[in-house]
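Participant: I am sharing start_12.tsv, which consists of TSV, C-alpha atoms:
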```
chain	number	residue	atom	x	y	z
A	227	MET	CA	-17.05	4.88	-16.17
A	228	GLY	CA	-18.33	8.23	-14.91
A	229	ILE	CA	-21.83	6.85	-14.28
A	230	PHE	CA	-20.36	4.20	-11.95
A	231	LEU	CA	-18.51	6.87	-9.97
A	232	LEU	CA	-21.86	8.67	-9.53
A	233	ILE	CA	-23.68	5.49	-8.45
A	234	GLY	CA	-20.92	4.71	-5.97
A	235	VAL	CA	-21.10	8.17	-4.39
A	236	MET	CA	-24.91	8.02	-4.10
A	237	ALA	CA	-24.72	4.58	-2.45
A	238	LEU	CA	-22.03	5.64	0.02
A	239	SER	CA	-24.01	8.77	0.89
A	240	ALA	CA	-26.58	6.59	2.63
A	241	SER	CA	-24.02	5.02	5.00
A	242	ALA	CA	-24.27	7.60	7.77
A	243	ILE	CA	-28.07	7.59	7.54
A	244	PHE	CA	-28.28	3.81	8.02
A	245	VAL	CA	-25.89	3.99	10.98
A	246	LYS	CA	-27.88	6.79	12.63
A	247	LEU	CA	-31.17	4.92	12.19
A	248	ALA	CA	-29.80	1.67	13.61
A	249	ASN	CA	-29.29	0.97	17.29
A	250	ALA	CA	-26.23	-1.23	17.71
A	251	PRO	CA	-22.59	-0.84	18.85
A	252	SER	CA	-20.10	0.34	16.24
A	253	SER	CA	-18.16	-2.92	16.10
A	254	ILE	CA	-21.35	-4.93	15.51
A	255	MET	CA	-22.58	-2.62	12.75
A	256	ALA	CA	-19.18	-2.83	11.08
A	257	PHE	CA	-18.93	-6.61	11.59
A	258	TYR	CA	-22.26	-7.46	10.01
A	259	ARG	CA	-21.82	-4.93	7.21
A	260	ILE	CA	-18.62	-6.61	6.11
A	261	PHE	CA	-19.65	-10.19	7.00
A	262	PHE	CA	-22.91	-10.09	5.01
A	263	SER	CA	-21.11	-8.45	2.09
A	264	PHE	CA	-18.38	-11.11	2.25
A	265	CYS	CA	-20.95	-13.91	2.08
A	266	VAL	CA	-22.50	-12.50	-1.09
A	267	ILE	CA	-19.19	-11.75	-2.80
A	268	PHE	CA	-17.65	-15.10	-1.78
A	269	ILE	CA	-20.42	-16.96	-3.64
A	270	PHE	CA	-19.61	-15.07	-6.84
A	271	THR	CA	-15.88	-15.58	-6.31
A	272	ILE	CA	-15.93	-19.35	-5.93
A	273	SER	CA	-18.50	-19.77	-8.73
A	274	LYS	CA	-15.91	-18.76	-11.32
A	275	LYS	CA	-12.90	-20.86	-12.23
A	276	ASP	CA	-10.60	-17.87	-12.79
A	277	THR	CA	-11.28	-16.27	-9.41
A	278	ARG	CA	-11.00	-19.63	-7.62
A	279	LYS	CA	-7.61	-20.07	-9.25
A	280	GLU	CA	-6.58	-16.58	-8.16
A	281	LEU	CA	-7.43	-17.25	-4.53
A	282	LEU	CA	-5.50	-20.54	-4.55
A	283	SER	CA	-2.44	-18.89	-6.14
A	284	LEU	CA	-2.17	-15.88	-3.82
A	285	SER	CA	1.42	-15.01	-2.96
A	286	LYS	CA	2.63	-14.42	0.57
A	287	LYS	CA	2.99	-10.73	-0.20
A	288	GLU	CA	-0.60	-10.48	-1.46
A	289	ILE	CA	-1.92	-12.22	1.64
A	290	ILE	CA	0.02	-9.85	3.92
A	291	LEU	CA	-1.29	-6.86	1.97
A	292	GLY	CA	-4.78	-8.36	2.22
A	293	ILE	CA	-4.45	-8.58	6.00
A	294	ILE	CA	-3.27	-4.97	6.29
A	295	SER	CA	-5.98	-3.78	3.90
A	296	GLY	CA	-8.71	-5.77	5.68
A	297	ILE	CA	-7.75	-4.47	9.11
A	298	SER	CA	-7.59	-0.92	7.71
A	299	LEU	CA	-11.12	-1.28	6.31
A	300	ALA	CA	-12.37	-2.72	9.59
A	301	LEU	CA	-10.86	0.09	11.65
A	302	HIS	CA	-12.26	2.67	9.24
A	303	TYR	CA	-15.83	1.44	9.74
A	304	PHE	CA	-15.44	0.91	13.47
A	305	LEU	CA	-13.98	4.37	14.15
A	306	TRP	CA	-16.32	6.17	11.76
A	307	PHE	CA	-19.44	4.54	13.19
A	308	GLN	CA	-18.22	5.46	16.68
A	309	SER	CA	-17.64	9.01	15.46
A	310	LEU	CA	-21.26	9.24	14.31
A	311	ASN	CA	-22.32	8.54	17.90
A	312	LEU	CA	-20.23	11.43	19.22
A	313	THR	CA	-20.70	14.21	16.68
A	314	SER	CA	-23.15	15.26	13.96
A	315	VAL	CA	-23.67	13.40	10.70
A	316	ALA	CA	-22.45	16.39	8.69
A	317	SER	CA	-19.28	16.91	10.71
A	318	SER	CA	-18.33	13.23	10.78
A	319	THR	CA	-19.00	12.66	7.08
A	320	VAL	CA	-17.18	15.84	6.08
A	321	ILE	CA	-14.05	14.83	7.98
A	322	VAL	CA	-14.13	11.24	6.68
A	323	THR	CA	-14.35	12.47	3.08
A	324	LEU	CA	-11.13	14.42	3.54
A	325	GLN	CA	-9.30	11.17	2.77
A	326	PRO	CA	-7.73	12.66	-0.41
A	327	LEU	CA	-5.29	14.41	1.94
A	328	PHE	CA	-3.81	10.98	2.61
A	329	ALA	CA	-4.25	9.67	-0.95
A	330	PHE	CA	-2.51	12.72	-2.42
A	331	VAL	CA	0.60	12.18	-0.30
A	332	ALA	CA	0.67	8.43	-0.91
A	333	GLY	CA	0.08	8.83	-4.65
A	334	TYR	CA	2.98	11.26	-4.85
A	335	LEU	CA	5.38	9.19	-2.71
A	336	PHE	CA	4.58	5.61	-3.79
A	337	PHE	CA	3.02	5.84	-7.27
A	338	LYS	CA	4.99	8.85	-8.53
A	339	GLU	CA	1.76	10.61	-9.47
A	340	ARG	CA	2.10	14.22	-10.53
A	341	TYR	CA	-0.62	16.84	-10.50
A	342	THR	CA	-1.21	19.95	-12.55
A	343	LYS	CA	-1.79	23.26	-10.83
A	344	LEU	CA	-5.47	23.15	-11.78
A	345	ALA	CA	-5.85	19.64	-10.31
A	346	VAL	CA	-4.31	20.80	-7.03
A	347	LEU	CA	-6.59	23.85	-7.11
A	348	GLY	CA	-9.60	21.57	-7.61
A	349	PHE	CA	-8.52	19.52	-4.61
A	350	ILE	CA	-8.16	22.62	-2.43
A	351	ILE	CA	-11.54	23.98	-3.56
A	352	ALA	CA	-13.28	20.66	-2.78
A	353	VAL	CA	-11.71	20.46	0.68
A	354	ILE	CA	-12.78	24.05	1.37
A	355	GLY	CA	-16.32	23.10	0.32
A	356	SER	CA	-16.30	20.17	2.74
A	357	VAL	CA	-15.17	22.42	5.57
A	358	ILE	CA	-17.92	24.93	4.72
A	359	ILE	CA	-20.59	22.21	4.96
A	360	GLY	CA	-19.49	20.98	8.34
A	361	TRP	CA	-18.33	24.24	9.87
A	362	GLY	CA	-21.69	25.13	11.35
A	363	ASP	CA	-21.92	21.72	13.01
A	364	PHE	CA	-18.51	21.72	14.64
A	365	GLN	CA	-18.94	21.88	18.39
A	366	LEU	CA	-16.38	22.85	21.00
A	367	SER	CA	-17.35	20.08	23.42
A	368	SER	CA	-14.84	17.35	24.25
A	369	ARG	CA	-17.31	14.70	23.07
A	370	ALA	CA	-17.61	16.26	19.62
A	371	LEU	CA	-13.88	16.83	19.35
A	372	ILE	CA	-13.24	13.14	20.07
A	373	GLY	CA	-15.78	12.27	17.37
A	374	ASP	CA	-14.03	14.58	14.90
A	375	LEU	CA	-10.66	13.00	15.72
A	376	LEU	CA	-12.02	9.47	15.23
A	377	ALA	CA	-13.47	10.48	11.86
A	378	PHE	CA	-10.11	11.92	10.78
A	379	ILE	CA	-8.25	8.75	11.79
A	380	SER	CA	-10.82	6.62	9.99
A	381	ALA	CA	-10.19	8.68	6.83
A	382	GLY	CA	-6.55	7.64	7.02
A	383	PHE	CA	-7.49	3.96	7.30
A	384	ILE	CA	-9.87	3.99	4.31
A	385	SER	CA	-7.18	5.74	2.27
A	386	THR	CA	-4.79	2.92	3.18
A	387	TYR	CA	-7.39	0.43	1.95
A	388	PHE	CA	-7.73	2.18	-1.42
A	389	ILE	CA	-4.00	2.76	-1.84
A	390	ILE	CA	-3.16	-0.92	-1.26
A	391	GLY	CA	-6.06	-1.84	-3.53
A	392	GLN	CA	-4.65	0.30	-6.33
A	393	TYR	CA	-1.40	-1.65	-6.11
A	394	THR	CA	-2.88	-5.17	-5.87
A	395	ARG	CA	-5.72	-4.70	-8.36
A	396	ALA	CA	-3.13	-4.67	-11.15
A	397	ARG	CA	-3.14	-8.49	-10.88
A	398	LEU	CA	-6.14	-9.56	-8.84
A	399	SER	CA	-9.78	-9.34	-9.92
A	400	THR	CA	-12.31	-7.30	-7.95
A	401	PHE	CA	-14.03	-10.31	-6.38
A	402	SER	CA	-10.76	-12.02	-5.41
A	403	TRP	CA	-9.36	-8.91	-3.75
A	404	ILE	CA	-12.59	-8.07	-1.91
A	405	THR	CA	-12.98	-11.67	-0.74
A	406	LEU	CA	-9.46	-11.60	0.67
A	407	THR	CA	-9.72	-8.22	2.41
A	408	TYR	CA	-13.29	-8.62	3.68
A	409	PHE	CA	-12.41	-12.00	5.20
A	410	PHE	CA	-9.69	-10.50	7.37
A	411	ALA	CA	-11.84	-7.44	8.07
A	412	PHE	CA	-14.81	-9.31	9.57
A	413	ILE	CA	-12.51	-11.71	11.45
A	414	PHE	CA	-10.78	-8.72	13.05
A	415	LEU	CA	-14.09	-7.06	13.95
A	416	GLY	CA	-15.45	-10.32	15.34
A	417	ILE	CA	-12.44	-10.71	17.62
A	418	LEU	CA	-12.70	-7.05	18.62
A	419	SER	CA	-16.37	-7.48	19.56
A	420	LEU	CA	-15.58	-10.59	21.59
A	421	ILE	CA	-12.80	-8.78	23.46
A	422	MET	CA	-15.19	-5.89	24.17
A	423	LYS	CA	-17.85	-8.44	25.25
A	424	ILE	CA	-20.43	-7.03	22.85
A	425	PRO	CA	-23.33	-9.40	21.97
A	426	PHE	CA	-23.86	-10.41	18.35
A	427	THR	CA	-27.64	-10.88	18.69
A	428	GLY	CA	-30.62	-9.37	20.49
A	429	TYR	CA	-31.09	-6.28	18.32
A	430	SER	CA	-34.36	-4.84	17.04
A	431	LEU	CA	-35.87	-5.50	13.61
A	432	ASN	CA	-35.23	-1.86	12.70
A	433	THR	CA	-31.52	-2.31	13.44
A	434	TRP	CA	-31.28	-5.46	11.31
A	435	LEU	CA	-33.07	-3.74	8.41
A	436	ASN	CA	-30.62	-0.84	8.54
A	437	ILE	CA	-27.67	-3.24	8.71
A	438	LEU	CA	-29.11	-4.97	5.63
A	439	GLY	CA	-29.51	-1.59	3.96
A	440	ILE	CA	-25.95	-0.50	4.62
A	441	THR	CA	-24.78	-3.88	3.29
A	442	LEU	CA	-26.77	-3.96	0.06
A	443	VAL	CA	-26.68	-0.26	-0.77
A	444	SER	CA	-23.57	1.32	0.74
A	445	THR	CA	-21.25	-1.68	0.46
A	446	LEU	CA	-22.31	-3.79	-2.51
A	447	LEU	CA	-23.34	-0.78	-4.60
A	448	GLY	CA	-20.82	1.67	-3.16
A	449	GLN	CA	-17.61	0.23	-1.75
A	450	VAL	CA	-17.48	-2.66	-4.22
A	451	ILE	CA	-17.96	-0.36	-7.21
A	452	PHE	CA	-15.10	1.87	-6.07
A	453	THR	CA	-12.85	-1.14	-5.51
A	454	TRP	CA	-13.63	-2.32	-9.04
A	455	LEU	CA	-12.89	1.16	-10.43
A	456	LEU	CA	-9.39	1.07	-8.91
A	457	LYS	CA	-8.42	-0.93	-12.00
A	458	TYR	CA	-9.27	2.08	-14.16
A	459	PHE	CA	-8.64	5.10	-11.90
A	460	PRO	CA	-5.88	5.98	-9.39
A	461	ALA	CA	-6.77	6.02	-5.68
A	462	THR	CA	-6.57	9.82	-5.73
A	463	VAL	CA	-9.39	10.06	-8.28
A	464	ILE	CA	-11.52	7.62	-6.28
A	465	SER	CA	-10.88	9.54	-3.06
A	466	MET	CA	-11.68	12.88	-4.69
A	467	THR	CA	-14.95	11.53	-6.04
A	468	ILE	CA	-15.93	10.22	-2.60
A	469	LEU	CA	-15.83	13.83	-1.40
A	470	GLY	CA	-19.25	14.01	-3.03
A	471	GLU	CA	-20.51	11.72	-0.28
A	472	ALA	CA	-20.77	14.77	2.00
A	473	VAL	CA	-23.15	16.33	-0.49
A	474	GLY	CA	-25.36	13.26	-0.72
A	475	THR	CA	-25.40	12.81	3.05
A	476	CYS	CA	-26.59	16.40	3.59
A	477	ILE	CA	-29.41	15.87	1.11
A	478	LEU	CA	-30.48	12.52	2.60
A	479	GLY	CA	-30.16	13.94	6.09
A	480	TYR	CA	-32.64	16.65	5.13
A	481	PHE	CA	-35.29	14.25	3.83
A	482	ILE	CA	-34.81	11.28	6.20
A	483	LEU	CA	-33.41	12.69	9.45
A	484	HIS	CA	-35.12	16.07	8.96
A	485	GLU	CA	-31.82	17.91	9.32
A	486	THR	CA	-32.04	21.32	7.67
A	487	VAL	CA	-29.67	22.36	4.91
A	488	SER	CA	-28.42	25.82	5.76
A	489	LEU	CA	-27.22	28.43	3.28
A	490	LYS	CA	-23.67	27.64	4.39
A	491	GLN	CA	-24.15	23.95	3.61
A	492	PHE	CA	-25.71	24.75	0.22
A	493	ILE	CA	-22.73	26.93	-0.66
A	494	GLY	CA	-20.42	24.12	0.44
A	495	ILE	CA	-22.25	21.67	-1.83
A	496	VAL	CA	-21.75	23.94	-4.83
A	497	VAL	CA	-18.07	24.49	-3.96
A	498	ILE	CA	-17.44	20.74	-3.56
A	499	LEU	CA	-19.04	19.89	-6.90
A	500	PHE	CA	-16.99	22.57	-8.64
A	501	GLY	CA	-13.76	21.40	-7.01
A	502	ILE	CA	-14.38	17.74	-7.81
A	503	GLY	CA	-15.30	18.60	-11.38
A	504	LEU	CA	-12.11	20.63	-11.87
A	505	PHE	CA	-9.90	17.94	-10.35
A	506	LEU	CA	-11.44	15.06	-12.34
A	507	TRP	CA	-11.33	17.07	-15.57
A	508	GLU	CA	-7.61	17.71	-15.12
A	509	LYS	CA	-6.86	14.18	-13.89
A	510	ARG	CA	-8.77	12.67	-16.81
A	511	LYS	CA	-6.51	14.51	-19.25
A	512	THR	CA	-3.38	13.02	-17.64
A	513	ILE	CA	-4.91	9.51	-17.61
A	514	THR	CA	-5.86	9.59	-21.30
A	515	GLN	CA	-2.51	11.00	-22.46
```
Can you turn what I pasted into structure tokens?
Facilitator:
Amino acid sequence: MGIFLLIGVMALSASAIFVKLANAPSSIMAFYRIFFSFCVIFIFTISKKDTRKELLSLSKKEIILGIISGISLALHYFLWFQSLNLTSVASSTVIVTLQPLFAFVAGYLFFKERYTKLAVLGFIIAVIGSVIIGWGDFQLSSRALIGDLLAFISAGFISTYFIIGQYTRARLSTFSWITLTYFFAFIFLGILSLIMKIPFTGYSLNTWLNILGITLVSTLLGQVIFTWLLKYFPATVISMTILGEAVGTCILGYFILHETVSLKQFIGIVVILFGIGLFLWEKRKTITQ
């Protein structure tokens, strides 16, 4: 399963790059990312008898959780994409990947998860590494501070998505759960765009290619893989692994956006990898016991 965690992190690392290269409002980028992904996943879902049966037998509770989860996912993308327009890629991505702060608390309160001292130490080390990477990019302007705040709030929403997913994936398959949540997510974003009077068409070919890229790579190879892995790993492990997204984004930013990787960022990368490795090593022992 470790190889899938790595693939998921690499795919998600490209998200911020696609958003930066595109030229469209945040709600539109988020809408088409989820809508296109939904269309692909829905075909697979209805093509199988078992998943069709699951969708038709959804309980009221599962539908309500699907609505909450879908809206949480939609708000995560919308706020994070808006954050990328207000602050640097490094700062925004670093703050978004601090979602384990939320997952840790929820895992402790709702799933009775317990952590060894080394696991907690790994978490702290990884968070410190994330802060090191983004520290040099933090700006004291009001615009950047708003971007940082939006990124932090979006981290809370994506944690909600994963936490609910951990609970519901005990019964529902990956495709059924994603179909349910993505449906409510793109409906919410579509309504939001209409309220904000943002056009759904009229964008450049470059923008559409980047929307397609974020759909195929970051969503279908990233988000979907992590949703599938919720059946095998707790949300805290998934969230900790996603901290590696900050590493991948820094590397891609260097080659694609020509953003330099400073010594401070390099040190942060090493610290993050060490922290994640320590946490997953400890968590793996508790899972296999």
Participant: Which of these residues is nearest to A:Leu301, using only C-alpha atoms: A:Gly470, A:Gly348, A:Gly382, A:Pro251?
Facilitator: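 That would be A:Gly382, the residue with the smallest distance to A:Leu301.
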Participant: Step by step, gather every atom of stretch 387-400 of chain A that the file lists, find the box along x, y and z that holds them, add 3 Å on each side, and finally give centre and edge lengths in Å to one decimal, as lines of an AutoDock Vina configuration file.
Facilitator:
```
center_x = -6.9
center_y = -3.4
center_z = -4.6
size_x = 16.9
size_y = 18.3
size_z = 19.1
```
Participant: So, counting all atoms listed in the file, which residue among A:Ser309, A:Gln392, A:Thr400, A:Thr427 is closest to A:Ala250?
Facilitator: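 Closest to A:Ala250, using all atoms listed in the file: A:Thr427.
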Participant: Quick check, in Å to one decimal: how far apart do atom CA of A:Ile293 and atom CA of A:Leu406 lie?
Facilitator: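 Pair atom CA of A:Ile293 / atom CA of A:Leu406 returns 7.9 Å.
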Participant: Please provide the set of residues having any atom within 8 Å of A:Ser253, restricted to all atoms listed in the file, with same-chain residues fewer than 5 positions apart removed, written as a PyMOL selection string.
Facilitator: chain A and resi 304+415-416+418-419
Participant: Measure the distance from atom CA of A:Ser368 to atom CA of A:Thr475 in Å and round it to one decimal.
Facilitator: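 Taking atom CA of A:Ser368 and atom CA of A:Thr475, their separation equals 24.1 Å.
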Participant: Smallest atom-to-atom distance to A:Met255: which of A:Leu305, A:Val450, A:Glu280, A:Arg369, using all atoms listed in the file?
Facilitator: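 Nearest candidate to A:Met255 out of A:Leu305, A:Val450, A:Glu280, A:Arg369: A:Leu305.
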Participant: Return the single residue from A:Ser241, A:Ser283, A:Asn436, A:Thr386 that is closest to A:Ser402, with distances computed using all atoms listed in the file.
Facilitator: A:Ser283
Participant: Let me make sure I understand: among A:Leu435, A:Leu506, A:Ala300, A:Ala332, which one has the smallest atom-to-atom distance to A:Ser252 if we use only C-alpha atoms?
Facilitator: A:Ala300
Participant: For a quick check of understanding, using all atoms listed in the file, which of A:Trp434, A:Phe378, A:Phe452, A:Tyr341 has the smallest distance to A:Leu238?
Facilitator: A:Phe452
Participant: Since the input has fewer atoms than a full residue there, write stretch 444-458 of chain A out with N, CA and C atoms, as a short mmCIF file (atom, residue, chain, number, x, y, z; two decimals), in the coordinates of the input.
Facilitator:
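The file below, rebuild-v4.cif, is the result:
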```
data_model
loop_
_atom_site.label_atom_id
_atom_site.label_comp_id
_atom_site.auth_asym_id
_atom_site.auth_seq_id
_atom_site.Cartn_x
_atom_site.Cartn_y
_atom_site.Cartn_z
N SER A 444 -24.83 0.60 0.56
CA SER A 444 -23.57 1.32 0.74
C SER A 444 -22.33 0.48 0.44
N THR A 445 -22.42 -0.83 0.69
CA THR A 445 -21.25 -1.68 0.46
C THR A 445 -21.25 -2.30 -0.93
N LEU A 446 -22.30 -3.07 -1.24
CA LEU A 446 -22.31 -3.79 -2.51
C LEU A 446 -22.51 -2.86 -3.71
N LEU A 447 -23.18 -1.73 -3.51
CA LEU A 447 -23.34 -0.78 -4.60
C LEU A 447 -22.35 0.38 -4.52
N GLY A 448 -21.73 0.57 -3.35
CA GLY A 448 -20.82 1.67 -3.16
C GLY A 448 -19.37 1.25 -3.09
N GLN A 449 -19.00 0.62 -1.97
CA GLN A 449 -17.61 0.23 -1.75
C GLN A 449 -17.09 -0.71 -2.82
N VAL A 450 -17.92 -1.68 -3.22
CA VAL A 450 -17.48 -2.66 -4.22
C VAL A 450 -17.24 -1.99 -5.57
N ILE A 451 -18.13 -1.06 -5.94
CA ILE A 451 -17.96 -0.36 -7.21
C ILE A 451 -16.64 0.41 -7.23
N PHE A 452 -16.34 1.10 -6.12
CA PHE A 452 -15.10 1.87 -6.07
C PHE A 452 -13.87 0.97 -6.09
N THR A 453 -13.96 -0.19 -5.47
CA THR A 453 -12.85 -1.14 -5.51
C THR A 453 -12.62 -1.63 -6.94
N TRP A 454 -13.71 -1.90 -7.64
CA TRP A 454 -13.63 -2.32 -9.04
C TRP A 454 -13.01 -1.22 -9.90
N LEU A 455 -13.38 0.03 -9.64
CA LEU A 455 -12.89 1.16 -10.43
C LEU A 455 -11.41 1.46 -10.21
N LEU A 456 -10.82 0.87 -9.14
CA LEU A 456 -9.39 1.07 -8.91
C LEU A 456 -8.54 0.51 -10.05
N LYS A 457 -9.14 -0.38 -10.84
CA LYS A 457 -8.42 -0.93 -12.00
C LYS A 457 -8.32 0.11 -13.13
N TYR A 458 -9.20 1.10 -13.08
CA TYR A 458 -9.27 2.08 -14.16
C TYR A 458 -8.89 3.51 -13.72
#
```
